[in-house]
>>> print(open('protein_29.cif').read())   # mmCIF, C-alpha atoms
data_upload
#
loop_
_atom_site.label_atom_id
_atom_site.label_comp_id
_atom_site.auth_asym_id
_atom_site.auth_seq_id
_atom_site.Cartn_x
_atom_site.Cartn_y
_atom_site.Cartn_z
CA MET B 65 5.58 -1.92 -15.36
CA ILE B 66 3.62 -4.32 -13.14
CA MET B 67 6.45 -6.82 -12.88
CA LYS B 68 8.68 -4.07 -11.50
CA LEU B 69 6.56 -4.17 -8.35
CA MET B 70 8.38 -7.35 -7.46
CA LYS B 71 11.68 -5.46 -7.24
CA ARG B 72 10.56 -2.76 -4.83
CA LEU B 73 11.64 -4.42 -1.60
CA SER B 74 15.15 -5.06 -2.93
CA PHE B 75 15.34 -1.54 -4.33
CA PHE B 76 14.31 -0.11 -0.96
CA LEU B 77 17.23 -1.79 0.78
CA VAL B 78 19.66 -0.69 -1.92
CA LEU B 79 18.63 2.95 -1.81
CA ILE B 80 19.07 3.03 1.97
CA ALA B 81 22.74 2.23 1.48
CA LEU B 82 23.04 4.91 -1.18
CA PHE B 83 21.98 7.91 0.82
CA LEU B 84 21.86 7.47 4.58
CA ASN B 85 25.35 8.86 4.88
CA LEU B 86 24.29 11.98 2.97
CA SER B 87 22.89 13.79 5.99
CA SER B 88 21.67 17.32 5.27
CA TYR B 89 19.51 17.96 8.28
CA GLY B 90 20.50 21.26 9.80
CA GLN B 91 17.82 23.41 8.27
CA SER B 92 14.31 24.06 9.51
CA ASN B 93 11.82 21.32 8.66
CA LYS B 94 10.18 23.44 5.98
CA ALA B 95 13.42 24.52 4.31
CA TYR B 96 14.69 20.95 4.36
CA ILE B 97 11.52 19.44 2.91
CA ASP B 98 11.23 22.30 0.40
CA SER B 99 14.67 21.39 -0.89
CA MET B 100 13.84 17.69 -1.11
CA ALA B 101 10.62 18.42 -3.01
CA LYS B 102 12.39 20.76 -5.44
CA VAL B 103 15.02 18.17 -6.28
CA PHE B 104 12.32 15.55 -6.82
CA LEU B 105 10.17 17.73 -9.09
CA ASP B 106 13.23 18.89 -11.04
CA HIS B 107 14.24 15.28 -11.76
CA SER B 108 10.89 13.53 -12.16
CA ALA B 109 7.93 13.47 -14.51
CA SER B 110 5.53 14.56 -11.75
CA SER B 111 3.65 17.84 -11.77
CA CYS B 112 3.15 17.73 -8.00
CA ILE B 113 4.24 16.07 -4.78
CA VAL B 114 2.63 16.26 -1.34
CA ILE B 115 4.43 15.31 1.86
CA GLY B 116 2.90 14.72 5.27
CA VAL B 117 5.11 14.30 8.32
CA ILE B 118 4.65 13.43 11.95
CA ASP B 119 7.84 14.75 13.54
CA HIS B 120 8.20 13.55 17.12
CA GLY B 121 4.41 13.71 17.40
CA LYS B 122 3.93 17.03 15.56
CA GLU B 123 2.04 16.96 12.24
CA ASN B 124 2.68 19.10 9.16
CA ILE B 125 1.72 18.94 5.48
CA TYR B 126 3.74 20.35 2.58
CA CYS B 127 2.34 20.65 -0.95
CA TYR B 128 4.24 21.46 -4.15
CA GLY B 129 3.39 21.91 -7.83
CA ASN B 130 0.11 21.79 -9.75
CA ILE B 131 -2.33 18.91 -10.01
CA SER B 132 -1.67 18.67 -13.74
CA LYS B 133 0.71 20.04 -16.37
CA ALA B 134 -2.25 21.48 -18.27
CA ASP B 135 -3.40 24.02 -15.69
CA ASN B 136 -2.27 26.16 -12.76
CA ILE B 137 -4.31 24.56 -9.98
CA PRO B 138 -1.92 24.06 -7.04
CA SER B 139 -1.87 20.78 -5.16
CA ASN B 140 -3.11 20.91 -1.58
CA ASP B 141 -3.90 18.68 1.37
CA LYS B 142 -7.11 17.48 -0.35
CA THR B 143 -5.56 16.57 -3.71
CA LEU B 144 -6.32 12.93 -4.47
CA PHE B 145 -3.82 10.31 -5.64
CA GLU B 146 -3.91 6.59 -6.21
CA ILE B 147 -1.98 4.96 -3.37
CA GLY B 148 -1.46 1.63 -5.17
CA SER B 149 -0.11 -1.16 -2.99
CA ILE B 150 -0.53 0.78 0.25
CA THR B 151 -4.09 -0.51 -0.23
CA LYS B 152 -2.76 -3.83 1.06
CA LEU B 153 -2.42 -2.35 4.57
CA PHE B 154 -6.16 -1.67 4.58
CA THR B 155 -6.95 -5.12 3.19
CA ALA B 156 -4.87 -6.70 5.95
CA THR B 157 -6.46 -4.57 8.67
CA ALA B 158 -9.98 -5.39 7.44
CA THR B 159 -9.06 -9.09 7.44
CA ALA B 160 -7.82 -8.80 11.02
CA GLU B 161 -11.14 -7.20 12.00
CA ALA B 162 -13.02 -10.09 10.39
CA MET B 163 -10.88 -12.49 12.41
CA HIS B 164 -11.59 -10.67 15.69
CA LEU B 165 -15.31 -10.73 14.87
CA GLY B 166 -15.17 -14.50 14.36
CA LYS B 167 -15.89 -14.36 10.63
CA LEU B 168 -12.66 -16.16 9.70
CA LYS B 169 -9.46 -17.53 11.20
CA TYR B 170 -5.94 -16.83 10.04
CA ASN B 171 -5.25 -20.55 9.62
CA ASP B 172 -8.40 -21.20 7.59
CA TYR B 173 -7.83 -22.53 4.09
CA ILE B 174 -8.93 -20.19 1.32
CA SER B 175 -11.06 -23.03 -0.09
CA THR B 176 -13.37 -22.55 2.91
CA TYR B 177 -14.53 -19.27 1.38
CA MET B 178 -14.42 -20.21 -2.29
CA PRO B 179 -17.08 -22.90 -2.80
CA GLY B 180 -16.96 -24.46 -6.22
CA VAL B 181 -13.34 -23.38 -6.78
CA TRP B 182 -10.51 -25.91 -6.91
CA ALA B 183 -8.00 -24.17 -4.63
CA PRO B 184 -4.37 -25.02 -5.47
CA ASN B 185 -2.23 -27.04 -3.10
CA TYR B 186 1.34 -28.27 -2.87
CA HIS B 187 1.49 -31.99 -2.09
CA GLY B 188 -1.74 -31.61 -0.12
CA LYS B 189 -0.71 -28.37 1.63
CA GLU B 190 -3.34 -25.71 0.92
CA ILE B 191 -3.11 -21.92 1.00
CA ARG B 192 -4.31 -20.33 4.23
CA ILE B 193 -5.56 -16.81 4.92
CA ILE B 194 -2.32 -15.99 6.78
CA ASP B 195 -0.31 -17.06 3.73
CA LEU B 196 -2.07 -14.45 1.60
CA LEU B 197 -1.35 -11.79 4.23
CA HIS B 198 2.35 -12.68 4.53
CA HIS B 199 2.96 -13.03 0.76
CA THR B 200 3.78 -16.70 1.35
CA SER B 201 0.91 -18.23 -0.61
CA GLY B 202 3.04 -19.38 -3.53
CA LEU B 203 0.77 -17.49 -5.91
CA PRO B 204 2.43 -15.41 -8.63
CA ALA B 205 2.76 -11.61 -8.53
CA ILE B 206 -0.12 -11.26 -10.97
CA PRO B 207 -2.40 -13.81 -12.64
CA ASP B 208 -0.82 -15.05 -15.84
CA ASP B 209 -3.94 -14.14 -17.80
CA LEU B 210 -4.23 -10.55 -16.53
CA PHE B 211 -3.48 -9.10 -19.96
CA THR B 212 -5.30 -11.74 -21.99
CA ALA B 213 -8.50 -12.72 -20.14
CA GLY B 214 -11.62 -11.00 -21.43
CA LYS B 215 -12.14 -8.61 -24.30
CA ASN B 216 -10.82 -5.12 -24.95
CA ARG B 217 -7.87 -5.37 -22.59
CA ASP B 218 -6.12 -2.06 -21.88
CA SER B 219 -2.45 -2.19 -20.94
CA MET B 220 -2.79 1.28 -19.37
CA ASN B 221 -5.63 0.05 -17.11
CA PRO B 222 -4.72 -3.62 -16.64
CA TYR B 223 -6.99 -4.64 -13.74
CA ALA B 224 -10.17 -2.98 -15.02
CA LEU B 225 -11.81 -6.06 -16.55
CA TYR B 226 -10.48 -8.77 -14.25
CA ASN B 227 -13.63 -10.03 -12.52
CA ARG B 228 -14.43 -12.78 -10.02
CA SER B 229 -15.17 -15.34 -12.71
CA MET B 230 -11.72 -14.83 -14.22
CA LEU B 231 -10.14 -14.95 -10.76
CA ASP B 232 -11.88 -18.21 -9.87
CA SER B 233 -10.90 -19.74 -13.19
CA PHE B 234 -7.25 -18.82 -12.71
CA ILE B 235 -7.11 -20.07 -9.12
CA SER B 236 -8.76 -23.35 -10.10
CA GLY B 237 -6.22 -23.97 -12.85
CA HIS B 238 -3.08 -22.83 -11.04
CA ARG B 239 -0.46 -25.24 -9.73
CA LEU B 240 1.83 -24.30 -6.83
CA ASP B 241 5.60 -24.80 -7.05
CA VAL B 242 6.28 -24.18 -3.35
CA GLU B 243 4.61 -25.13 -0.08
CA PRO B 244 2.38 -22.31 1.20
CA GLY B 245 3.67 -20.57 4.32
CA THR B 246 7.34 -21.34 3.69
CA LYS B 247 8.68 -18.75 1.23
CA TYR B 248 8.10 -15.02 0.85
CA SER B 249 7.18 -13.85 -2.66
CA TYR B 250 5.34 -10.55 -3.15
CA SER B 251 1.93 -11.15 -4.72
CA ASN B 252 -0.62 -8.61 -5.92
CA LEU B 253 -2.78 -11.58 -6.82
CA GLY B 254 -2.70 -12.86 -3.24
CA PHE B 255 -3.94 -9.58 -1.77
CA GLY B 256 -6.45 -9.12 -4.56
CA LEU B 257 -7.80 -12.55 -3.69
CA MET B 258 -7.88 -11.65 0.01
CA GLY B 259 -10.00 -8.59 -0.71
CA ASP B 260 -12.36 -10.67 -2.80
CA ILE B 261 -12.66 -13.30 -0.06
CA LEU B 262 -13.70 -10.54 2.36
CA SER B 263 -16.41 -9.51 -0.12
CA ARG B 264 -17.66 -13.11 -0.29
CA ILE B 265 -17.76 -13.39 3.49
CA GLU B 266 -19.50 -10.04 4.02
CA THR B 267 -21.63 -10.32 0.85
CA LYS B 268 -20.95 -6.69 -0.01
CA PRO B 269 -18.40 -4.73 -2.07
CA PHE B 270 -14.84 -4.54 -0.80
CA GLU B 271 -15.03 -0.74 -0.79
CA ASP B 272 -18.05 -0.78 1.53
CA ILE B 273 -16.17 -3.02 3.96
CA LEU B 274 -13.21 -0.63 4.16
CA ARG B 275 -15.44 2.41 4.54
CA ALA B 276 -17.47 0.89 7.37
CA GLU B 277 -14.64 -0.74 9.28
CA ILE B 278 -11.66 1.59 8.83
CA TRP B 279 -12.29 4.84 6.98
CA ALA B 280 -15.34 5.87 9.00
CA ALA B 281 -13.62 5.03 12.29
CA LEU B 282 -10.65 7.23 11.38
CA ALA B 283 -12.71 10.00 9.74
CA MET B 284 -10.96 9.35 6.43
CA ASP B 285 -13.69 11.16 4.54
CA GLN B 286 -11.90 11.59 1.20
CA THR B 287 -10.54 8.06 0.92
CA THR B 288 -12.35 6.01 -1.68
CA ILE B 289 -12.20 3.56 -4.55
CA THR B 290 -15.11 4.94 -6.55
CA LEU B 291 -14.56 8.62 -7.35
CA SER B 292 -17.45 11.05 -7.08
CA THR B 293 -17.90 13.80 -9.67
CA GLU B 294 -16.38 16.31 -7.25
CA GLN B 295 -13.46 14.04 -6.40
CA LYS B 296 -12.57 13.64 -10.07
CA LYS B 297 -12.02 17.40 -10.20
CA ILE B 298 -9.39 17.29 -7.44
CA MET B 299 -7.59 14.15 -8.60
CA ALA B 300 -3.99 14.75 -9.63
CA ALA B 301 -3.49 13.86 -13.29
CA PRO B 302 -1.39 10.69 -13.80
CA TYR B 303 1.85 10.65 -15.83
CA SER B 304 4.22 7.94 -16.97
CA ALA B 305 7.88 7.96 -15.95
CA LYS B 306 8.57 9.82 -19.22
CA GLY B 307 5.95 12.45 -18.48
CA ASN B 308 3.28 11.23 -20.89
CA PRO B 309 -0.37 11.33 -19.76
CA ASP B 310 -1.32 8.01 -18.22
CA HIS B 311 -4.55 6.34 -17.10
CA ILE B 312 -6.04 5.98 -13.64
CA TRP B 313 -6.40 2.33 -12.71
CA ASP B 314 -9.76 0.67 -12.11
CA PHE B 315 -10.23 -2.63 -10.32
CA LYS B 316 -12.85 -5.36 -10.09
CA ALA B 317 -12.01 -8.63 -8.31
CA LEU B 318 -8.44 -7.65 -7.44
CA ALA B 319 -9.24 -4.36 -5.68
CA GLY B 320 -7.61 -5.59 -2.47
CA CYS B 321 -4.14 -5.21 -3.96
CA GLY B 322 -4.20 -1.59 -5.06
CA ALA B 323 -7.51 0.18 -5.73
CA ILE B 324 -7.63 2.98 -3.12
CA ARG B 325 -7.49 6.72 -3.86
CA SER B 326 -6.73 9.08 -0.99
CA ASP B 327 -5.19 12.38 0.05
CA VAL B 328 -2.33 13.23 2.39
CA THR B 329 -4.69 14.38 5.16
CA ASP B 330 -6.44 11.02 5.34
CA MET B 331 -3.21 9.07 4.99
CA LEU B 332 -1.77 10.93 7.97
CA LYS B 333 -4.80 9.79 9.98
CA PHE B 334 -4.05 6.17 9.09
CA LEU B 335 -0.34 6.71 9.76
CA LYS B 336 -1.07 8.18 13.19
CA ALA B 337 -3.38 5.26 14.06
CA SER B 338 -0.72 2.78 12.96
CA MET B 339 1.94 4.50 15.04
CA ASP B 340 -0.17 4.64 18.19
CA PRO B 341 -3.19 2.30 18.02
CA GLU B 342 -3.61 2.44 21.82
CA GLU B 343 -5.00 5.96 21.40
CA LEU B 344 -7.92 4.75 19.29
CA LYS B 345 -11.39 4.70 20.81
CA ASP B 346 -12.32 1.81 18.53
CA THR B 347 -10.90 -1.23 20.37
CA LEU B 348 -11.62 -3.56 17.43
CA LEU B 349 -9.62 -1.40 15.06
CA GLU B 350 -6.88 -1.09 17.67
CA ALA B 351 -6.55 -4.87 17.95
CA SER B 352 -6.61 -5.28 14.18
CA ILE B 353 -3.88 -2.71 13.56
CA LYS B 354 -1.75 -4.37 16.25
CA ASP B 355 -2.19 -7.75 14.53
CA ALA B 356 -1.08 -6.27 11.23
CA GLU B 357 2.15 -5.00 12.79
CA THR B 358 3.03 -7.83 15.17
CA MET B 359 2.12 -11.05 13.33
CA THR B 360 5.37 -11.27 11.38
CA PHE B 361 7.14 -13.63 9.00
CA ASN B 362 10.92 -13.55 8.45
CA ALA B 363 11.19 -12.90 4.72
CA ASN B 364 14.99 -12.69 4.75
CA LYS B 365 17.80 -11.43 6.99
CA ASN B 366 16.94 -7.82 6.19
CA LEU B 367 13.17 -7.91 6.14
CA LYS B 368 10.24 -9.00 8.26
CA VAL B 369 6.70 -8.77 6.96
CA GLY B 370 3.65 -8.27 9.10
CA LEU B 371 0.16 -8.47 7.65
CA ALA B 372 1.21 -6.41 4.61
CA TRP B 373 3.60 -4.19 6.61
CA ASN B 374 7.30 -4.33 5.74
CA ILE B 375 9.66 -3.99 8.70
CA SER B 376 13.25 -3.06 7.90
CA ASN B 377 16.22 -2.19 10.09
CA VAL B 378 17.89 1.04 8.93
CA ASN B 379 21.22 1.64 10.69
CA GLY B 380 19.78 0.10 13.84
CA MET B 381 16.46 1.92 13.55
CA PRO B 382 13.34 -0.20 12.81
CA ILE B 383 11.06 1.28 10.14
CA GLU B 384 7.61 -0.04 9.30
CA TRP B 385 6.63 0.90 5.77
CA HIS B 386 4.87 0.22 2.52
CA ASN B 387 5.10 1.83 -0.88
CA GLY B 388 2.74 1.80 -3.82
CA GLY B 389 2.47 2.46 -7.50
CA THR B 390 -0.08 2.35 -10.29
CA GLY B 391 0.36 3.48 -13.89
CA GLY B 392 0.79 7.18 -13.12
CA TYR B 393 1.21 7.47 -9.35
CA ARG B 394 3.71 6.58 -6.64
CA SER B 395 3.31 6.58 -2.86
CA PHE B 396 5.14 5.84 0.37
CA LEU B 397 4.08 5.53 4.00
CA GLY B 398 6.45 4.68 6.84
CA PHE B 399 7.24 5.33 10.49
CA ASN B 400 9.47 4.73 13.47
CA LYS B 401 7.53 4.31 16.71
CA GLU B 402 10.35 5.07 19.11
CA ASN B 403 10.78 8.58 17.71
CA GLU B 404 7.04 9.13 17.10
CA THR B 405 7.99 10.03 13.56
CA GLY B 406 6.43 9.09 10.24
CA VAL B 407 6.06 10.27 6.65
CA VAL B 408 3.55 10.07 3.80
CA VAL B 409 4.61 11.00 0.27
CA LEU B 410 2.27 11.03 -2.74
CA THR B 411 3.04 12.03 -6.33
CA ASN B 412 1.43 11.85 -9.76
CA SER B 413 3.93 10.05 -11.97
CA ALA B 414 5.61 6.67 -12.20
CA THR B 415 8.72 8.14 -10.58
CA SER B 416 9.51 6.44 -7.28
CA VAL B 417 9.28 8.53 -4.11
CA ASP B 418 11.02 5.89 -1.98
CA ARG B 419 14.36 7.66 -1.84
CA PRO B 420 13.18 11.12 -0.68
CA ALA B 421 10.57 9.57 1.62
CA VAL B 422 13.02 7.32 3.46
CA LYS B 423 15.62 10.07 3.68
CA ILE B 424 13.09 12.50 5.19
CA LEU B 425 11.96 9.86 7.68
CA TYR B 426 15.49 8.89 8.66
CA ASP B 427 16.71 12.47 9.02
CA LEU B 428 13.67 13.49 11.07
CA CYS B 429 14.33 10.60 13.43
CA GLN B 430 17.95 11.71 13.87
CA LYS B 431 16.97 15.27 14.67
CA LYS B 432 16.70 16.10 18.35
CA ASN B 433 13.22 17.15 19.34
#
>>> encode(input="protein_29.cif", output="structure tokens")
Amino acid sequence: MIMKLMKRLSFFLVLIALFLNLSSYGQSNKAYIDSMAKVFLDHSASSCIVIGVIDHGKENIYCYGNISKADNIPSNDKTLFEIGSITKLFTATATAEAMHLGKLKYNDYISTYMPGVWAPNYHGKEIRIIDLLHHTSGLPAIPDDLFTAGKNRDSMNPYALYNRSMLDSFISGHRLDVEPGTKYSYSNLGFGLMGDILSRIETKPFEDILRAEIWAALAMDQTTITLSTEQKKIMAAPYSAKGNPDHIWDFKALAGCGAIRSDVTDMLKFLKASMDPEELKDTLLEASIKDAETMTFNANKNLKVGLAWNISNVNGMPIEWHNGGTGGYRSFLGFNKENETGVVVLTNSATSVDRPAVKILYDLCQKKN
């Protein structure tokens, strides 16, 4: 399943072509989104889906289904999901804050922050911080030893035992096949390493960094990596694409690539801040979010990448977005600034939400306010 993460960007562009001509926006927002949610739940393994929209500046949340197939507890705006790779947006923003505080520079080599580790290079060209953030480091999607390093590996919880010692050992022994900074190649390992470098610089857990620098500033009170006893009770149960019970994913050294759990309410707060950072009272966070969106690399003719953000052109309309997935969850967050419109979609199975999410976003943008 993990290797399928590499195909998401291509799949995103393909699905745009499949449905953008299938316009069905003539209903009220609620009726339209109700219909989209029903189709998704009827054809997926999920027991619930929650959808948050900012429609020309107006916010609404829609919740469907139960948090598990074993009970009748309805999902709501506080139901927790794993957001998977959307975590990378927070990792990038926290890195930008560290840069603005003078704790690192984008062009610093990663070896600066990994004493005792033989950082890989390509004919003398080393990996820089900016290369991790642009997915141009040359590192693989996942470390080759993810499923073999350590004891008692669990294929349903693959990152749970991968610690800093294993990470350092892999980085020291890895050889690059491409010059860093020259070629885009999506890497969970790269963002996991970035999160761990932040922990080394700050000498505190990655989760504490995010809470202090981003979540607290945006009042994202339910967003977390470590679940409390109460939060476990409101976590949507994970399911595989076939509807079998799955496992929540735990992270150690590679938390920066996908460890966050959140709800639609908090994700709308981050979406709103990303759409309009000038409205933030926190000028440091404002500058960091702007960096994440404006420091871009041309991945190919159809895609630019910011610091984790993907920027695609959909029928002439620029969309900034990221999706995510762990064993039993899928997520999507995206927006168009010109129309002040964005969408968050979270569900509890390995069934992609990209198609309904992008269609909702596109159709909302086409609707006259």
>>> atom_distance(input="protein_29.cif", atom1="atom CA of B:Glu384", atom2="atom CA of B:Leu397")
8.5 Å
>>> resolve_selection(input="protein_29.cif", expression="the PyMOL selection byres ((chain B and resi 101) around 12)", output="number ranges by chain")
B: 94-100, 102-108, 110-116, 126-129, 409-411, 417, 419-421, 423-424
>>> resolve_selection(input="protein_29.cif", expression="the PyMOL selection byres ((chain B and resi 327-343) around 9)", output="tab-separated table (two decimals) with C-alpha atoms, keeping the file's coordinate frame")
chain	number	residue	atom	x	y	z
B	114	VAL	CA	2.63	16.26	-1.34
B	115	ILE	CA	4.43	15.31	1.86
B	116	GLY	CA	2.90	14.72	5.27
B	117	VAL	CA	5.11	14.30	8.32
B	118	ILE	CA	4.65	13.43	11.95
B	121	GLY	CA	4.41	13.71	17.40
B	123	GLU	CA	2.04	16.96	12.24
B	125	ILE	CA	1.72	18.94	5.48
B	140	ASN	CA	-3.11	20.91	-1.58
B	141	ASP	CA	-3.90	18.68	1.37
B	142	LYS	CA	-7.11	17.48	-0.35
B	143	THR	CA	-5.56	16.57	-3.71
B	144	LEU	CA	-6.32	12.93	-4.47
B	145	PHE	CA	-3.82	10.31	-5.64
B	146	GLU	CA	-3.91	6.59	-6.21
B	147	ILE	CA	-1.98	4.96	-3.37
B	278	ILE	CA	-11.66	1.59	8.83
B	279	TRP	CA	-12.29	4.84	6.98
B	282	LEU	CA	-10.65	7.23	11.38
B	283	ALA	CA	-12.71	10.00	9.74
B	284	MET	CA	-10.96	9.35	6.43
B	285	ASP	CA	-13.69	11.16	4.54
B	286	GLN	CA	-11.90	11.59	1.20
B	287	THR	CA	-10.54	8.06	0.92
B	325	ARG	CA	-7.49	6.72	-3.86
B	326	SER	CA	-6.73	9.08	-0.99
B	344	LEU	CA	-7.92	4.75	19.29
B	345	LYS	CA	-11.39	4.70	20.81
B	346	ASP	CA	-12.32	1.81	18.53
B	347	THR	CA	-10.90	-1.23	20.37
B	349	LEU	CA	-9.62	-1.40	15.06
B	350	GLU	CA	-6.88	-1.09	17.67
B	351	ALA	CA	-6.55	-4.87	17.95
B	353	ILE	CA	-3.88	-2.71	13.56
B	354	LYS	CA	-1.75	-4.37	16.25
B	357	GLU	CA	2.15	-5.00	12.79
B	397	LEU	CA	4.08	5.53	4.00
B	398	GLY	CA	6.45	4.68	6.84
B	399	PHE	CA	7.24	5.33	10.49
B	400	ASN	CA	9.47	4.73	13.47
B	401	LYS	CA	7.53	4.31	16.71
B	404	GLU	CA	7.04	9.13	17.10
B	405	THR	CA	7.99	10.03	13.56
B	406	GLY	CA	6.43	9.09	10.24
B	407	VAL	CA	6.06	10.27	6.65
B	408	VAL	CA	3.55	10.07	3.80
B	409	VAL	CA	4.61	11.00	0.27
B	410	LEU	CA	2.27	11.03	-2.74
>>> atom_distance(input="protein_29.cif", atom1="atom CA of B:Lys306", atom2="atom CA of B:Ala109")
6.0 Å
>>> resolve_selection(input="protein_29.cif", expression="the PyMOL selection byres ((chain B and resi 313-317) around 7)", output="PyMOL selection string")
chain B and resi 221+223-228+256+260+311-312+318-319+323+390-391
>>> closest_residue(input="protein_29.cif", among="B:Ile298, B:Val181, B:Leu231, B:Ile375", to="B:Ser132", atoms="only C-alpha atoms")
B:Ile298
>>> residues_around(input="protein_29.cif", residues="B:Lys247", least_positions_apart="6", cutoff="9 Å", atoms="all atoms listed in the file", output="PyMOL selection string")
chain B and resi 199-202+363
>>> atom_distance(input="protein_29.cif", atom1="atom CA of B:Phe234", atom2="atom CA of B:Thr212")
11.8 Å
>>> residues_around(input="protein_29.cif", residues="stretch 264-273 of chain B", least_positions_apart="6", cutoff="10 Å", atoms="all atoms listed in the file", output="PyMOL selection string")
chain B and resi 155+158-159+162+167-168+177-178+258+279+288-290+316-320+323-324
>>> write_last_selection(input="protein_29.cif", atoms="C-alpha atoms", output="mmCIF file, keeping the file's coordinate frame")
data_model
loop_
_atom_site.group_PDB
_atom_site.id
_atom_site.type_symbol
_atom_site.label_atom_id
_atom_site.label_comp_id
_atom_site.auth_asym_id
_atom_site.auth_seq_id
_atom_site.Cartn_x
_atom_site.Cartn_y
_atom_site.Cartn_z
ATOM 1 C CA THR B 155 -6.950 -5.120 3.190
ATOM 2 C CA ALA B 158 -9.980 -5.390 7.440
ATOM 3 C CA THR B 159 -9.060 -9.090 7.440
ATOM 4 C CA ALA B 162 -13.020 -10.090 10.390
ATOM 5 C CA LYS B 167 -15.890 -14.360 10.630
ATOM 6 C CA LEU B 168 -12.660 -16.160 9.700
ATOM 7 C CA TYR B 177 -14.530 -19.270 1.380
ATOM 8 C CA MET B 178 -14.420 -20.210 -2.290
ATOM 9 C CA MET B 258 -7.880 -11.650 0.010
ATOM 10 C CA TRP B 279 -12.290 4.840 6.980
ATOM 11 C CA THR B 288 -12.350 6.010 -1.680
ATOM 12 C CA ILE B 289 -12.200 3.560 -4.550
ATOM 13 C CA THR B 290 -15.110 4.940 -6.550
ATOM 14 C CA LYS B 316 -12.850 -5.360 -10.090
ATOM 15 C CA ALA B 317 -12.010 -8.630 -8.310
ATOM 16 C CA LEU B 318 -8.440 -7.650 -7.440
ATOM 17 C CA ALA B 319 -9.240 -4.360 -5.680
ATOM 18 C CA GLY B 320 -7.610 -5.590 -2.470
ATOM 19 C CA ALA B 323 -7.510 0.180 -5.730
ATOM 20 C CA ILE B 324 -7.630 2.980 -3.120
#
>>> residues_around(input="protein_29.cif", residues="B:Asp172", least_positions_apart="4", cutoff="9 Å", atoms="all atoms listed in the file", output="MDAnalysis selection string")
chainID B and resid 168 176:177 191:194
>>> closest_residue(input="protein_29.cif", among="B:Leu425, B:Glu277, B:Asp418, B:Gly370", to="B:Ile383", atoms="all atoms listed in the file")
B:Leu425
>>> closest_residue(input="protein_29.cif", among="B:Gly237, B:Gly148, B:Gly389, B:Gly245", to="B:Ser304", atoms="all atoms listed in the file")
B:Gly389
>>> closest_residue(input="protein_29.cif", among="B:Asn185, B:Asn387, B:Ser219, B:Asn124", to="B:Arg239", atoms="all atoms listed in the file")
B:Asn185
>>> axis_aligned_box(input="protein_29.cif", around="stretch 231-241 of chain B", padding_each_side="5 Å", output="JSON")
{"center_x": -3.1, "center_y": -20.1, "center_z": -10.0, "size_x": 27.5, "size_y": 20.3, "size_z": 16.4}
>>> decode(input="protein_29.cif", residues="stretch 377-407 of chain B", atoms="C-alpha atoms", output="tab-separated table (two decimals), in the first residue's frame")
chain	number	residue	atom	x	y	z
B	377	ASN	CA	-3.77	24.08	-12.92
B	378	VAL	CA	-7.31	22.76	-13.37
B	379	ASN	CA	-8.95	24.13	-16.52
B	380	GLY	CA	-7.14	27.42	-15.99
B	381	MET	CA	-7.84	27.51	-12.26
B	382	PRO	CA	-4.85	27.12	-9.88
B	383	ILE	CA	-5.48	24.74	-6.98
B	384	GLU	CA	-3.14	24.28	-4.03
B	385	TRP	CA	-3.63	20.90	-2.43
B	386	HIS	CA	-2.34	17.85	-0.62
B	387	ASN	CA	-3.85	14.46	0.03
B	388	GLY	CA	-3.01	11.81	2.57
B	389	GLY	CA	-3.44	8.19	3.44
B	390	THR	CA	-2.47	5.70	6.11
B	391	GLY	CA	-3.57	2.08	6.44
B	392	GLY	CA	-7.25	2.82	7.09
B	393	TYR	CA	-7.76	6.53	6.37
B	394	ARG	CA	-7.76	8.93	3.44
B	395	SER	CA	-7.76	12.73	3.41
B	396	PHE	CA	-7.71	15.73	1.09
B	397	LEU	CA	-7.19	19.45	1.60
B	398	GLY	CA	-7.20	22.00	-1.21
B	399	PHE	CA	-8.17	25.54	-2.15
B	400	ASN	CA	-8.37	28.25	-4.77
B	401	LYS	CA	-7.47	31.68	-3.42
B	402	GLU	CA	-9.13	33.75	-6.12
B	403	ASN	CA	-12.56	32.33	-5.28
B	404	GLU	CA	-11.92	32.15	-1.52
B	405	THR	CA	-12.96	28.53	-1.75
B	406	GLY	CA	-11.49	25.41	-0.20
B	407	VAL	CA	-12.39	21.89	0.90
